[in-house]
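Read through the structure below, which is laid out as structure tokens, and then see the notes.
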Amino acid sequence: MDEKTAVLEAMKKAGEPLNAGKIAELTGLDRKVVDKAMAAMKKTGEIVSPVRCKWEPAEK
């Protein structure tokens, strides 16, 4: 499973918007890896921010 998939799965399982630190905690990935994956997903529109500094999948 690649980093993007792991991040999206963690977001879907949580059922609420999460920040990068919480995603890193849930997935066991390094925070820098999570930040990089999230930056790429922000550009492609795979994740959206309903609340400042928290993210969720664009399509639930």
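Residues in the structure tokens are numbered from 1 in each chain, the chains being A, B, ... in the order shown, and ligands are numbered from 1 in the order shown.
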Once DSSP has gone over the backbone, tell me which residues of chain A are in strand (DSSP E), as a list of chain:residue names.
A:Ile47, A:Val48, A:Ser49, A:Pro50, A:Val51, A:Lys54, A:Trp55, A:Glu56, A:Pro57
Expected file: the selected residues, all heavy atoms, as a PDB file, in the first residue's frame:
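And here is the file that came out, selection-v9.pdb:
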```
ATOM      1  N   ILE A  47      -8.255  15.401  -1.644  1.00  0.00           N
ATOM      2  CA  ILE A  47      -8.668  15.731  -0.283  1.00  0.00           C
ATOM      3  C   ILE A  47      -9.081  17.205  -0.234  1.00  0.00           C
ATOM      4  O   ILE A  47      -8.606  18.015  -1.029  1.00  0.00           O
ATOM      5  CB  ILE A  47      -7.561  15.441   0.762  1.00  0.00           C
ATOM      6  CG1 ILE A  47      -6.277  16.216   0.462  1.00  0.00           C
ATOM      7  CG2 ILE A  47      -7.288  13.943   0.843  1.00  0.00           C
ATOM      8  CD1 ILE A  47      -5.186  16.065   1.521  1.00  0.00           C
ATOM      9  N   VAL A  48      -9.981  17.507   0.678  1.00  0.00           N
ATOM     10  CA  VAL A  48     -10.468  18.880   0.854  1.00  0.00           C
ATOM     11  C   VAL A  48     -10.404  19.250   2.335  1.00  0.00           C
ATOM     12  O   VAL A  48     -10.375  18.381   3.199  1.00  0.00           O
ATOM     13  CB  VAL A  48     -11.915  19.044   0.337  1.00  0.00           C
ATOM     14  CG1 VAL A  48     -11.982  18.867  -1.165  1.00  0.00           C
ATOM     15  CG2 VAL A  48     -12.852  18.071   1.021  1.00  0.00           C
ATOM     16  N   SER A  49     -10.407  20.553   2.603  1.00  0.00           N
ATOM     17  CA  SER A  49     -10.322  21.037   3.975  1.00  0.00           C
ATOM     18  C   SER A  49     -11.621  21.723   4.388  1.00  0.00           C
ATOM     19  O   SER A  49     -11.851  22.879   4.045  1.00  0.00           O
ATOM     20  CB  SER A  49      -9.160  22.021   4.108  1.00  0.00           C
ATOM     21  OG  SER A  49      -9.089  22.522   5.415  1.00  0.00           O
ATOM     22  N   PRO A  50     -12.490  21.014   5.135  1.00  0.00           N
ATOM     23  CA  PRO A  50     -13.732  21.623   5.597  1.00  0.00           C
ATOM     24  C   PRO A  50     -13.511  22.537   6.798  1.00  0.00           C
ATOM     25  O   PRO A  50     -14.301  23.424   7.075  1.00  0.00           O
ATOM     26  CB  PRO A  50     -14.589  20.423   5.975  1.00  0.00           C
ATOM     27  CG  PRO A  50     -13.595  19.404   6.406  1.00  0.00           C
ATOM     28  CD  PRO A  50     -12.382  19.615   5.533  1.00  0.00           C
ATOM     29  N   VAL A  51     -12.412  22.293   7.527  1.00  0.00           N
ATOM     30  CA  VAL A  51     -12.062  23.053   8.719  1.00  0.00           C
ATOM     31  C   VAL A  51     -10.588  23.405   8.604  1.00  0.00           C
ATOM     32  O   VAL A  51      -9.798  22.604   8.125  1.00  0.00           O
ATOM     33  CB  VAL A  51     -12.294  22.202  10.001  1.00  0.00           C
ATOM     34  CG1 VAL A  51     -12.006  23.005  11.243  1.00  0.00           C
ATOM     35  CG2 VAL A  51     -13.694  21.637  10.042  1.00  0.00           C
ATOM     36  N   LYS A  54      -7.444  20.899   8.892  1.00  0.00           N
ATOM     37  CA  LYS A  54      -7.911  19.510   8.939  1.00  0.00           C
ATOM     38  C   LYS A  54      -8.421  19.128   7.562  1.00  0.00           C
ATOM     39  O   LYS A  54      -8.983  19.943   6.850  1.00  0.00           O
ATOM     40  CB  LYS A  54      -9.001  19.326   9.990  1.00  0.00           C
ATOM     41  CG  LYS A  54      -8.479  19.624  11.388  1.00  0.00           C
ATOM     42  CD  LYS A  54      -9.301  18.996  12.427  1.00  0.00           C
ATOM     43  CE  LYS A  54      -8.666  19.262  13.790  1.00  0.00           C
ATOM     44  NZ  LYS A  54      -9.195  18.393  14.800  1.00  0.00           N
ATOM     45  N   TRP A  55      -8.218  17.871   7.209  1.00  0.00           N
ATOM     46  CA  TRP A  55      -8.512  17.408   5.854  1.00  0.00           C
ATOM     47  C   TRP A  55      -9.356  16.149   5.871  1.00  0.00           C
ATOM     48  O   TRP A  55      -9.327  15.382   6.822  1.00  0.00           O
ATOM     49  CB  TRP A  55      -7.194  17.153   5.129  1.00  0.00           C
ATOM     50  CG  TRP A  55      -6.406  18.403   4.976  1.00  0.00           C
ATOM     51  CD1 TRP A  55      -5.554  18.943   5.911  1.00  0.00           C
ATOM     52  CD2 TRP A  55      -6.430  19.307   3.909  1.00  0.00           C
ATOM     53  NE1 TRP A  55      -5.059  20.128   5.442  1.00  0.00           N
ATOM     54  CE2 TRP A  55      -5.560  20.383   4.209  1.00  0.00           C
ATOM     55  CE3 TRP A  55      -7.087  19.320   2.686  1.00  0.00           C
ATOM     56  CZ2 TRP A  55      -5.358  21.439   3.341  1.00  0.00           C
ATOM     57  CZ3 TRP A  55      -6.868  20.381   1.823  1.00  0.00           C
ATOM     58  CH2 TRP A  55      -6.015  21.427   2.156  1.00  0.00           C
ATOM     59  N   GLU A  56     -10.095  15.940   4.760  1.00  0.00           N
ATOM     60  CA  GLU A  56     -10.879  14.727   4.593  1.00  0.00           C
ATOM     61  C   GLU A  56     -10.912  14.390   3.112  1.00  0.00           C
ATOM     62  O   GLU A  56     -10.620  15.248   2.271  1.00  0.00           O
ATOM     63  CB  GLU A  56     -12.300  14.908   5.136  1.00  0.00           C
ATOM     64  CG  GLU A  56     -13.124  15.917   4.380  1.00  0.00           C
ATOM     65  CD  GLU A  56     -14.514  16.116   4.974  1.00  0.00           C
ATOM     66  OE1 GLU A  56     -14.775  15.640   6.093  1.00  0.00           O
ATOM     67  OE2 GLU A  56     -15.320  16.774   4.316  1.00  0.00           O
ATOM     68  N   PRO A  57     -11.260  13.145   2.762  1.00  0.00           N
ATOM     69  CA  PRO A  57     -11.350  12.778   1.344  1.00  0.00           C
ATOM     70  C   PRO A  57     -12.391  13.644   0.637  1.00  0.00           C
ATOM     71  O   PRO A  57     -13.414  13.998   1.214  1.00  0.00           O
ATOM     72  CB  PRO A  57     -11.810  11.318   1.365  1.00  0.00           C
ATOM     73  CG  PRO A  57     -11.454  10.827   2.732  1.00  0.00           C
ATOM     74  CD  PRO A  57     -11.556  12.016   3.635  1.00  0.00           C
TER      75      PRO A  57
END
```
Filtered DSSP result for chain A, state helix (DSSP H, G or I), as a PyMOL selection string:
chain A and resi 3-14+20-27+31-44
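Interatomic distance, atom CA of Lys12 of chain A against atom CA of Ala39 of chain A: 17.7 Å.
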Could you check the closest approach to Arg52 of chain A for each of A:Val34, A:Glu9, A:Lys4, A:Asn19 and tell me which residue wins, using only C-alpha atoms?
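Nearest candidate to Arg52 of chain A out of A:Val34, A:Glu9, A:Lys4, A:Asn19: A:Asn19.
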Using Å and a single decimal, report how far atom CA of Leu18 of chain A sits from atom CA of Cys53 of chain A.
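Atom-to-atom, atom CA of Cys53 of chain A to atom CA of Leu18 of chain A, that is 8.1 Å.
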So that I can check the surroundings of Lys32 of chain A, please list as a ChimeraX atom specification every protein, DNA and RNA residue that reaches within 12 Å of it, counting only C-alpha atoms and ignoring chain neighbours fewer than 4 positions away.
/A:3,20-21,23-24,28,36-39
What's around Glu46 of chain A at 8 Å? Count only C-alpha atoms, leave out sequence neighbours fewer than 4 positions away in its own chain, and write the answer as a VMD selection string.
chain A and resid 41 to 42 57 to 59
Given the selection you just returned, output its residues as a file containing C-alpha atoms, formatted as a compact mmCIF listing (two decimals), in the first residue's frame.
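File result_33.txt, as written:
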```txt
# COMPACT_ATOMS: atom_id res chain seq x y z
CA MET A 41 -3.42 14.98 -2.94
CA LYS A 42 -4.30 18.64 -2.33
CA PRO A 57 -11.35 12.78 1.34
CA ALA A 58 -13.04 14.84 -1.38
CA GLU A 59 -15.59 12.07 -1.97
```
